file query-v1.cif (mmCIF, C-alpha atoms)
data_final
loop_
_atom_site.label_atom_id
_atom_site.label_comp_id
_atom_site.auth_asym_id
_atom_site.auth_seq_id
_atom_site.Cartn_x
_atom_site.Cartn_y
_atom_site.Cartn_z
CA MET A 1 257.45 138.09 202.72
CA ASP A 2 260.65 136.13 202.31
CA ASN A 3 261.48 133.70 199.51
CA ARG A 4 260.40 130.64 201.50
CA GLN A 5 256.90 132.03 201.97
CA ALA A 6 256.66 132.96 198.29
CA ILE A 7 257.74 129.49 197.17
CA GLY A 8 255.49 127.84 199.74
CA SER A 9 252.47 129.78 198.55
CA TRP A 10 253.24 128.82 194.96
CA LEU A 11 253.50 125.13 195.85
CA SER A 12 250.35 125.02 197.95
CA GLY A 13 248.22 126.85 195.40
CA PRO A 14 246.27 130.08 195.23
CA ARG A 15 243.57 129.01 197.68
CA ALA A 16 246.10 128.32 200.45
CA ALA A 17 247.86 131.59 199.72
CA MET A 18 244.60 133.52 199.97
CA GLU A 19 243.61 131.72 203.17
CA GLY A 20 247.05 132.57 204.58
CA ALA A 21 246.33 136.21 203.79
CA GLY A 22 243.09 136.06 205.78
CA ALA A 23 240.42 135.19 203.17
CA ASP A 24 237.65 132.86 204.37
CA PHE A 25 236.33 130.57 201.64
CA GLY A 26 234.25 128.39 203.93
CA TYR A 27 233.80 124.70 203.30
CA ARG A 28 232.88 122.95 200.07
CA GLY A 29 229.16 123.19 199.48
CA GLU A 30 228.52 126.05 201.90
CA GLN A 31 227.37 128.35 199.08
CA LEU A 32 224.96 125.64 197.93
CA GLY A 33 223.43 125.24 201.39
CA LEU A 34 224.84 121.75 201.93
CA PRO A 35 226.25 120.42 205.21
CA GLU A 36 230.00 120.26 205.76
CA GLU A 37 230.15 116.56 206.71
CA GLY A 38 227.94 113.49 206.62
CA PRO A 39 224.93 112.67 204.44
CA GLY A 40 224.07 115.41 201.96
CA SER A 41 227.57 116.89 201.90
CA ILE A 42 229.61 117.30 198.71
CA ALA A 43 231.21 114.04 197.56
CA ARG A 44 235.01 114.00 197.78
CA PRO A 45 237.08 113.47 194.62
CA GLY A 46 238.39 110.06 195.71
CA ARG A 47 234.92 108.59 196.03
CA ARG A 48 233.82 110.16 192.77
CA LEU A 49 236.80 108.72 190.89
CA GLY A 50 236.28 105.33 192.51
CA ALA A 51 232.64 105.27 191.42
CA LEU A 52 233.64 106.32 187.91
CA ALA A 53 236.22 103.52 187.76
CA VAL A 54 233.65 100.93 188.86
CA ASP A 55 231.11 102.15 186.30
CA TRP A 56 233.70 102.20 183.50
CA GLY A 57 234.96 98.72 184.44
CA LEU A 58 231.41 97.38 184.43
CA CYS A 59 230.79 98.89 180.99
CA LEU A 60 234.05 97.45 179.65
CA LEU A 61 233.13 94.04 181.03
CA ILE A 62 229.71 94.17 179.36
CA ALA A 63 231.19 95.31 176.05
CA TYR A 64 233.95 92.70 176.17
CA GLY A 65 231.77 89.80 177.25
CA LEU A 66 228.57 90.42 175.31
CA ILE A 67 229.35 92.47 172.22
CA THR A 68 232.92 92.13 170.97
CA ASP A 69 234.97 88.95 170.54
CA GLY A 70 238.11 90.39 172.10
CA TYR A 71 239.60 93.54 173.44
CA ASP A 72 240.20 96.07 170.66
CA GLN A 73 239.12 99.57 169.66
CA ARG A 74 235.51 98.47 169.22
CA THR A 75 235.38 97.35 172.86
CA GLY A 76 236.23 100.86 174.07
CA ASN A 77 233.69 102.43 171.73
CA TRP A 78 230.95 100.06 172.85
CA ALA A 79 231.92 100.62 176.49
CA LEU A 80 231.50 104.38 176.01
CA LEU A 81 228.06 103.84 174.48
CA ILE A 82 227.06 101.53 177.35
CA PHE A 83 228.45 104.07 179.85
CA PHE A 84 226.31 106.75 178.23
CA ALA A 85 223.16 104.60 178.38
CA LEU A 86 223.91 103.54 181.96
CA GLY A 87 224.35 107.14 183.06
CA VAL A 88 221.22 108.47 181.39
CA LEU A 89 218.98 105.63 182.51
CA THR A 90 220.15 105.28 186.10
CA LEU A 91 220.67 108.97 186.93
CA GLY A 92 217.35 109.90 185.36
CA THR A 93 215.45 107.29 187.37
CA VAL A 94 217.13 106.46 190.70
CA GLY A 95 219.79 109.20 190.89
CA CYS A 96 222.87 106.98 191.04
CA THR A 97 224.82 104.53 188.91
CA PRO A 98 225.99 101.16 190.28
CA GLY A 99 229.43 102.62 191.05
CA LYS A 100 227.94 105.62 192.82
CA ARG A 101 225.68 103.34 194.84
CA LEU A 102 228.66 101.19 195.83
CA PHE A 103 230.53 104.29 197.05
CA ARG A 104 227.35 105.69 198.68
CA LEU A 105 226.99 108.70 196.37
CA ARG A 106 224.00 110.24 194.66
CA VAL A 107 223.44 112.96 192.07
CA VAL A 108 220.77 115.49 192.98
CA ALA A 109 219.41 118.58 191.28
CA LEU A 110 219.99 121.80 193.20
CA GLU A 111 216.42 123.07 192.91
CA THR A 112 214.28 119.96 193.25
CA GLY A 113 216.54 117.25 194.64
CA THR A 114 215.65 114.78 191.89
CA VAL A 115 217.39 114.58 188.53
CA LYS A 116 215.00 114.77 185.60
CA PRO A 117 215.82 112.64 182.51
CA LEU A 118 216.79 115.62 180.33
CA ARG A 119 219.13 116.92 183.00
CA ALA A 120 220.65 113.43 183.33
CA LEU A 121 221.10 113.35 179.54
CA LEU A 122 222.94 116.70 179.53
CA ARG A 123 225.15 115.71 182.46
CA THR A 124 226.05 112.35 180.91
CA VAL A 125 226.83 113.84 177.48
CA LEU A 126 229.18 116.33 179.11
CA LEU A 127 230.74 113.62 181.26
CA CYS A 128 231.39 111.46 178.17
CA LEU A 129 233.23 114.40 176.60
CA ALA A 130 235.60 114.21 179.62
CA ILE A 131 236.91 117.80 179.43
CA PRO A 132 233.97 119.40 181.35
CA ALA A 133 234.50 116.88 184.15
CA LEU A 134 238.12 118.01 184.55
CA ILE A 135 237.21 121.66 185.16
CA TRP A 136 236.14 122.11 188.79
CA ASP A 137 234.85 125.04 190.79
CA ARG A 138 235.66 125.88 194.42
CA ASP A 139 232.94 123.52 195.66
CA GLY A 140 234.48 120.57 193.81
CA ARG A 141 231.73 120.39 191.20
CA GLY A 142 232.75 119.66 187.64
CA LEU A 143 231.61 121.81 184.76
CA HIS A 144 229.25 119.00 183.74
CA ASP A 145 227.52 119.33 187.13
CA ARG A 146 227.41 123.12 186.97
CA LEU A 147 225.84 123.19 183.51
CA ALA A 148 223.28 120.53 184.45
CA ARG A 149 222.67 122.30 187.80
CA THR A 150 223.36 119.12 189.75
CA VAL A 151 225.64 118.16 192.61
CA GLU A 152 227.05 114.80 193.68
CA VAL A 153 226.46 114.22 197.38
CA ARG A 154 227.12 111.53 199.95
CA ILE A 155 224.24 109.28 200.98
#
call {"tool": "encode", "arguments": {"input": "query-v1.cif", "output": "structure tokens"}}
result
Amino acid sequence: MDNRQAIGSWLSGPRAAMEGAGADFGYRGEQLGLPEEGPGSIARPGRRLGALAVDWGLCLLIAYGLITDGYDQRTGNWALLIFFALGVLTLGTVGCTPGKRLFRLRVVALETGTVKPLRALLRTVLLCLAIPALIWDRDGRGLHDRLARTVEVRI
């Protein structure tokens, strides 16, 4: 291996280096029994972040327009509380938030397919903490999804 290959493997990451060495990781969601493309496949990070941005913007708008008299620290705190309530209520009943619905995403439980309210509560608490959502596995699921045994899929 020359220096260019060593630097290239460092820049592309460990997964690309292992695939270059012959390891087969499969596609995202293969270990979970999900299809590679189309409905039911793992949601891509861009869609997930877009849905999160829409949900957060909606919660900020509600907090700004209905609760606080201007934009200050209280607005962010109220928005987080509204985001928490929105996540628990919508995921525990219909399986998607308004932002997820807009981006054609849905949260499903791995075993049953439907998210029970307690599982939605756990997932939303971990999502509000933010750090578990930043730790992903090879399938692209955040730690909040792994601990709640859920997966975000395309509709």
call {"tool": "atom_distance", "arguments": {"input": "query-v1.cif", "atom1": "CA of Cys96 (chain A)", "atom2": "CA of Ile67 (chain A)"}}
result
24.6 Å
call {"tool": "atom_distance", "arguments": {"input": "query-v1.cif", "atom1": "CA of Arg154 (chain A)", "atom2": "CA of Gly40 (chain A)"}}
result
5.3 Å
call {"tool": "atom_distance", "arguments": {"input": "query-v1.cif", "atom1": "CA of Cys128 (chain A)", "atom2": "CA of Phe84 (chain A)"}}
result
6.9 Å
call {"tool": "residues_around", "arguments": {"input": "query-v1.cif", "residues": "Leu126 (chain A)", "least_positions_apart": "3", "cutoff": "12 Å", "atoms": "all atoms listed in the file", "output": "compact mmCIF listing (two decimals) with C-alpha atoms, keeping the file's coordinate frame"}}
result
# COMPACT_ATOMS: atom_id res chain seq x y z
CA PHE A 84 226.31 106.75 178.23
CA GLY A 87 224.35 107.14 183.06
CA VAL A 88 221.22 108.47 181.39
CA ARG A 119 219.13 116.92 183.00
CA ALA A 120 220.65 113.43 183.33
CA LEU A 121 221.10 113.35 179.54
CA LEU A 122 222.94 116.70 179.53
CA ARG A 123 225.15 115.71 182.46
CA LEU A 129 233.23 114.40 176.60
CA ALA A 130 235.60 114.21 179.62
CA ILE A 131 236.91 117.80 179.43
CA PRO A 132 233.97 119.40 181.35
CA ALA A 133 234.50 116.88 184.15
CA LEU A 134 238.12 118.01 184.55
CA ILE A 135 237.21 121.66 185.16
CA GLY A 142 232.75 119.66 187.64
CA LEU A 143 231.61 121.81 184.76
CA HIS A 144 229.25 119.00 183.74
CA ASP A 145 227.52 119.33 187.13
CA ARG A 146 227.41 123.12 186.97
CA LEU A 147 225.84 123.19 183.51
CA ALA A 148 223.28 120.53 184.45
call {"tool": "closest_residue", "arguments": {"input": "query-v1.cif", "among": "A:Leu34, A:Cys59, A:Val115, A:Val153", "to": "Leu86 (chain A)", "atoms": "only C-alpha atoms"}}
result
A:Cys59
call {"tool": "closest_residue", "arguments": {"input": "query-v1.cif", "among": "A:Glu152, A:Leu58, A:Leu66, A:Ser41", "to": "Leu91 (chain A)", "atoms": "all atoms listed in the file"}}
result
A:Glu152
call {"tool": "resolve_selection", "arguments": {"input": "query-v1.cif", "expression": "the PyMOL selection byres ((chain A and resi 44) around 10)", "output": "compact mmCIF listing (two decimals) with C-alpha atoms, in the coordinates of the input"}}
result
# COMPACT_ATOMS: atom_id res chain seq x y z
CA ARG A 28 232.88 122.95 200.07
CA SER A 41 227.57 116.89 201.90
CA ILE A 42 229.61 117.30 198.71
CA ALA A 43 231.21 114.04 197.56
CA PRO A 45 237.08 113.47 194.62
CA GLY A 46 238.39 110.06 195.71
CA ARG A 47 234.92 108.59 196.03
CA ARG A 48 233.82 110.16 192.77
CA LEU A 49 236.80 108.72 190.89
CA LEU A 105 226.99 108.70 196.37
CA ASP A 139 232.94 123.52 195.66
CA GLY A 140 234.48 120.57 193.81
CA ARG A 141 231.73 120.39 191.20
CA GLU A 152 227.05 114.80 193.68
CA VAL A 153 226.46 114.22 197.38
CA ARG A 154 227.12 111.53 199.95
call {"tool": "resolve_selection", "arguments": {"input": "query-v1.cif", "expression": "the PyMOL selection byres ((chain A and resi 80) around 12)", "output": "ChimeraX atom specification"}}
result
/A:55-64,73-79,81-87,124-125,127-130
call {"tool": "closest_residue", "arguments": {"input": "query-v1.cif", "among": "A:Val107, A:Leu102, A:Ile155, A:Leu118", "to": "Ala51 (chain A)", "atoms": "all atoms listed in the file"}}
result
A:Leu102
call {"tool": "closest_residue", "arguments": {"input": "query-v1.cif", "among": "A:Ala53, A:Thr97, A:Thr150, A:Asp137", "to": "Gly113 (chain A)", "atoms": "only C-alpha atoms"}}
result
A:Thr150
call {"tool": "closest_residue", "arguments": {"input": "query-v1.cif", "among": "A:Tyr71, A:Trp136, A:Phe25, A:Phe103", "to": "Leu52 (chain A)", "atoms": "all atoms listed in the file"}}
result
A:Phe103
call {"tool": "resolve_selection", "arguments": {"input": "query-v1.cif", "expression": "the PyMOL selection byres ((chain A and resi 93) around 8)", "output": "PyMOL selection string"}}
result
chain A and resi 89-92+94-95+115-117
call {"tool": "decode", "arguments": {"input": "query-v1.cif", "residues": "region 97-145 of chain A", "atoms": "N, CA and C atoms", "output": "mmCIF file, in the first residue's frame"}}
result
data_model
loop_
_atom_site.group_PDB
_atom_site.id
_atom_site.type_symbol
_atom_site.label_atom_id
_atom_site.label_comp_id
_atom_site.auth_asym_id
_atom_site.auth_seq_id
_atom_site.Cartn_x
_atom_site.Cartn_y
_atom_site.Cartn_z
ATOM 1 N N THR A 97 -44.651 12.396 12.923
ATOM 2 C CA THR A 97 -44.888 13.799 13.262
ATOM 3 C C THR A 97 -45.264 14.540 11.981
ATOM 4 N N PRO A 98 -45.705 15.789 12.077
ATOM 5 C CA PRO A 98 -46.016 16.535 10.841
ATOM 6 C C PRO A 98 -44.821 16.636 9.889
ATOM 7 N N GLY A 99 -43.632 16.856 10.414
ATOM 8 C CA GLY A 99 -42.446 16.932 9.561
ATOM 9 C C GLY A 99 -42.131 15.608 8.897
ATOM 10 N N LYS A 100 -42.270 14.524 9.632
ATOM 11 C CA LYS A 100 -42.034 13.201 9.057
ATOM 12 C C LYS A 100 -43.073 12.901 7.982
ATOM 13 N N ARG A 101 -44.292 13.291 8.211
ATOM 14 C CA ARG A 101 -45.348 13.063 7.216
ATOM 15 C C ARG A 101 -45.065 13.857 5.942
ATOM 16 N N LEU A 102 -44.601 15.088 6.109
ATOM 17 C CA LEU A 102 -44.266 15.928 4.969
ATOM 18 C C LEU A 102 -43.145 15.314 4.130
ATOM 19 N N PHE A 103 -42.173 14.701 4.791
ATOM 20 C CA PHE A 103 -41.043 14.075 4.102
ATOM 21 C C PHE A 103 -41.284 12.587 3.817
ATOM 22 N N ARG A 104 -42.512 12.125 4.047
ATOM 23 C CA ARG A 104 -42.922 10.748 3.776
ATOM 24 C C ARG A 104 -42.074 9.731 4.549
ATOM 25 N N LEU A 105 -42.001 9.945 5.863
ATOM 26 C CA LEU A 105 -41.284 9.053 6.772
ATOM 27 C C LEU A 105 -42.235 8.560 7.844
ATOM 28 N N ARG A 106 -41.875 7.454 8.458
ATOM 29 C CA ARG A 106 -42.674 6.908 9.545
ATOM 30 C C ARG A 106 -41.771 6.149 10.496
ATOM 31 N N VAL A 107 -42.082 6.182 11.775
ATOM 32 C CA VAL A 107 -41.343 5.431 12.780
ATOM 33 C C VAL A 107 -42.133 4.166 13.078
ATOM 34 N N VAL A 108 -41.450 3.026 12.999
ATOM 35 C CA VAL A 108 -42.097 1.745 13.271
ATOM 36 C C VAL A 108 -41.272 0.969 14.289
ATOM 37 N N ALA A 109 -41.942 0.147 15.060
ATOM 38 C CA ALA A 109 -41.257 -0.749 15.984
ATOM 39 C C ALA A 109 -40.773 -1.965 15.205
ATOM 40 N N LEU A 110 -39.631 -2.490 15.578
ATOM 41 C CA LEU A 110 -39.061 -3.621 14.842
ATOM 42 C C LEU A 110 -39.902 -4.886 14.980
ATOM 43 N N GLU A 111 -40.460 -5.135 16.158
ATOM 44 C CA GLU A 111 -41.188 -6.372 16.384
ATOM 45 C C GLU A 111 -42.612 -6.320 15.849
ATOM 46 N N THR A 112 -43.331 -5.242 16.160
ATOM 47 C CA THR A 112 -44.762 -5.201 15.869
ATOM 48 C C THR A 112 -45.132 -4.303 14.696
ATOM 49 N N GLY A 113 -44.303 -3.350 14.372
ATOM 50 C CA GLY A 113 -44.620 -2.422 13.297
ATOM 51 C C GLY A 113 -45.293 -1.147 13.776
ATOM 52 N N THR A 114 -45.935 -1.189 14.930
ATOM 53 C CA THR A 114 -46.568 0.008 15.484
ATOM 54 C C THR A 114 -45.823 0.432 16.739
ATOM 55 N N VAL A 115 -45.725 1.721 16.937
ATOM 56 C CA VAL A 115 -45.014 2.266 18.093
ATOM 57 C C VAL A 115 -46.003 2.460 19.229
ATOM 58 N N LYS A 116 -45.780 1.767 20.318
ATOM 59 C CA LYS A 116 -46.614 1.917 21.509
ATOM 60 C C LYS A 116 -46.276 3.237 22.204
ATOM 61 N N PRO A 117 -47.196 3.801 22.986
ATOM 62 C CA PRO A 117 -46.952 5.099 23.637
ATOM 63 C C PRO A 117 -45.717 5.127 24.542
ATOM 64 N N LEU A 118 -45.443 4.071 25.280
ATOM 65 C CA LEU A 118 -44.265 4.070 26.150
ATOM 66 C C LEU A 118 -42.971 4.061 25.340
ATOM 67 N N ARG A 119 -42.979 3.362 24.237
ATOM 68 C CA ARG A 119 -41.815 3.345 23.354
ATOM 69 C C ARG A 119 -41.616 4.716 22.706
ATOM 70 N N ALA A 120 -42.718 5.366 22.340
ATOM 71 C CA ALA A 120 -42.648 6.723 21.779
ATOM 72 C C ALA A 120 -42.129 7.707 22.823
ATOM 73 N N LEU A 121 -42.525 7.514 24.088
ATOM 74 C CA LEU A 121 -42.040 8.368 25.171
ATOM 75 C C LEU A 121 -40.529 8.216 25.341
ATOM 76 N N LEU A 122 -40.043 6.986 25.372
ATOM 77 C CA LEU A 122 -38.601 6.742 25.515
ATOM 78 C C LEU A 122 -37.829 7.336 24.347
ATOM 79 N N ARG A 123 -38.301 7.110 23.139
ATOM 80 C CA ARG A 123 -37.611 7.622 21.950
ATOM 81 C C ARG A 123 -37.570 9.146 21.959
ATOM 82 N N THR A 124 -38.664 9.781 22.333
ATOM 83 C CA THR A 124 -38.719 11.245 22.325
ATOM 84 C C THR A 124 -37.862 11.846 23.428
ATOM 85 N N VAL A 125 -37.837 11.240 24.596
ATOM 86 C CA VAL A 125 -36.963 11.723 25.677
ATOM 87 C C VAL A 125 -35.511 11.673 25.217
ATOM 88 N N LEU A 126 -35.104 10.570 24.623
ATOM 89 C CA LEU A 126 -33.725 10.446 24.151
ATOM 90 C C LEU A 126 -33.430 11.410 23.003
ATOM 91 N N LEU A 127 -34.404 11.649 22.144
ATOM 92 C CA LEU A 127 -34.214 12.600 21.056
ATOM 93 C C LEU A 127 -34.063 14.021 21.590
ATOM 94 N N CYS A 128 -34.824 14.368 22.627
ATOM 95 C CA CYS A 128 -34.716 15.707 23.225
ATOM 96 C C CYS A 128 -33.365 15.911 23.912
ATOM 97 N N LEU A 129 -32.724 14.841 24.343
ATOM 98 C CA LEU A 129 -31.388 14.956 24.928
ATOM 99 C C LEU A 129 -30.325 15.219 23.871
ATOM 100 N N ALA A 130 -30.631 14.974 22.606
ATOM 101 C CA ALA A 130 -29.813 15.266 21.426
ATOM 102 C C ALA A 130 -28.596 14.352 21.266
ATOM 103 N N ILE A 131 -27.860 14.041 22.293
ATOM 104 C CA ILE A 131 -26.644 13.237 22.146
ATOM 105 C C ILE A 131 -26.955 11.843 21.606
ATOM 106 N N PRO A 132 -27.965 11.118 22.115
ATOM 107 C CA PRO A 132 -28.239 9.786 21.543
ATOM 108 C C PRO A 132 -28.573 9.831 20.055
ATOM 109 N N ALA A 133 -29.153 10.914 19.585
ATOM 110 C CA ALA A 133 -29.499 11.013 18.163
ATOM 111 C C ALA A 133 -28.264 11.225 17.290
ATOM 112 N N LEU A 134 -27.171 11.648 17.872
ATOM 113 C CA LEU A 134 -25.942 11.891 17.112
ATOM 114 C C LEU A 134 -25.044 10.669 17.006
ATOM 115 N N ILE A 135 -25.373 9.609 17.725
ATOM 116 C CA ILE A 135 -24.593 8.373 17.689
ATOM 117 C C ILE A 135 -25.361 7.373 16.829
ATOM 118 N N TRP A 136 -24.796 7.025 15.663
ATOM 119 C CA TRP A 136 -25.477 6.164 14.705
ATOM 120 C C TRP A 136 -24.788 4.822 14.579
ATOM 121 N N ASP A 137 -25.563 3.811 14.210
ATOM 122 C CA ASP A 137 -24.973 2.511 13.915
ATOM 123 C C ASP A 137 -24.800 2.366 12.401
ATOM 124 N N ARG A 138 -24.379 1.205 11.956
ATOM 125 C CA ARG A 138 -24.102 1.000 10.529
ATOM 126 C C ARG A 138 -25.359 1.042 9.661
ATOM 127 N N ASP A 139 -26.526 0.869 10.260
ATOM 128 C CA ASP A 139 -27.776 0.958 9.518
ATOM 129 C C ASP A 139 -28.317 2.382 9.449
ATOM 130 N N GLY A 140 -27.649 3.323 10.101
ATOM 131 C CA GLY A 140 -28.105 4.706 10.095
ATOM 132 C C GLY A 140 -29.132 5.009 11.171
ATOM 133 N N ARG A 141 -29.303 4.104 12.114
ATOM 134 C CA ARG A 141 -30.239 4.331 13.214
ATOM 135 C C ARG A 141 -29.504 5.008 14.348
ATOM 136 N N GLY A 142 -30.136 6.023 14.929
ATOM 137 C CA GLY A 142 -29.561 6.694 16.074
ATOM 138 C C GLY A 142 -29.697 5.843 17.319
ATOM 139 N N LEU A 143 -28.939 6.199 18.338
ATOM 140 C CA LEU A 143 -29.009 5.466 19.599
ATOM 141 C C LEU A 143 -30.413 5.539 20.198
ATOM 142 N N HIS A 144 -31.110 6.657 19.977
ATOM 143 C CA HIS A 144 -32.480 6.766 20.481
ATOM 144 C C HIS A 144 -33.389 5.721 19.818
ATOM 145 N N ASP A 145 -33.161 5.435 18.545
ATOM 146 C CA ASP A 145 -33.940 4.397 17.870
ATOM 147 C C ASP A 145 -33.540 3.002 18.331
#
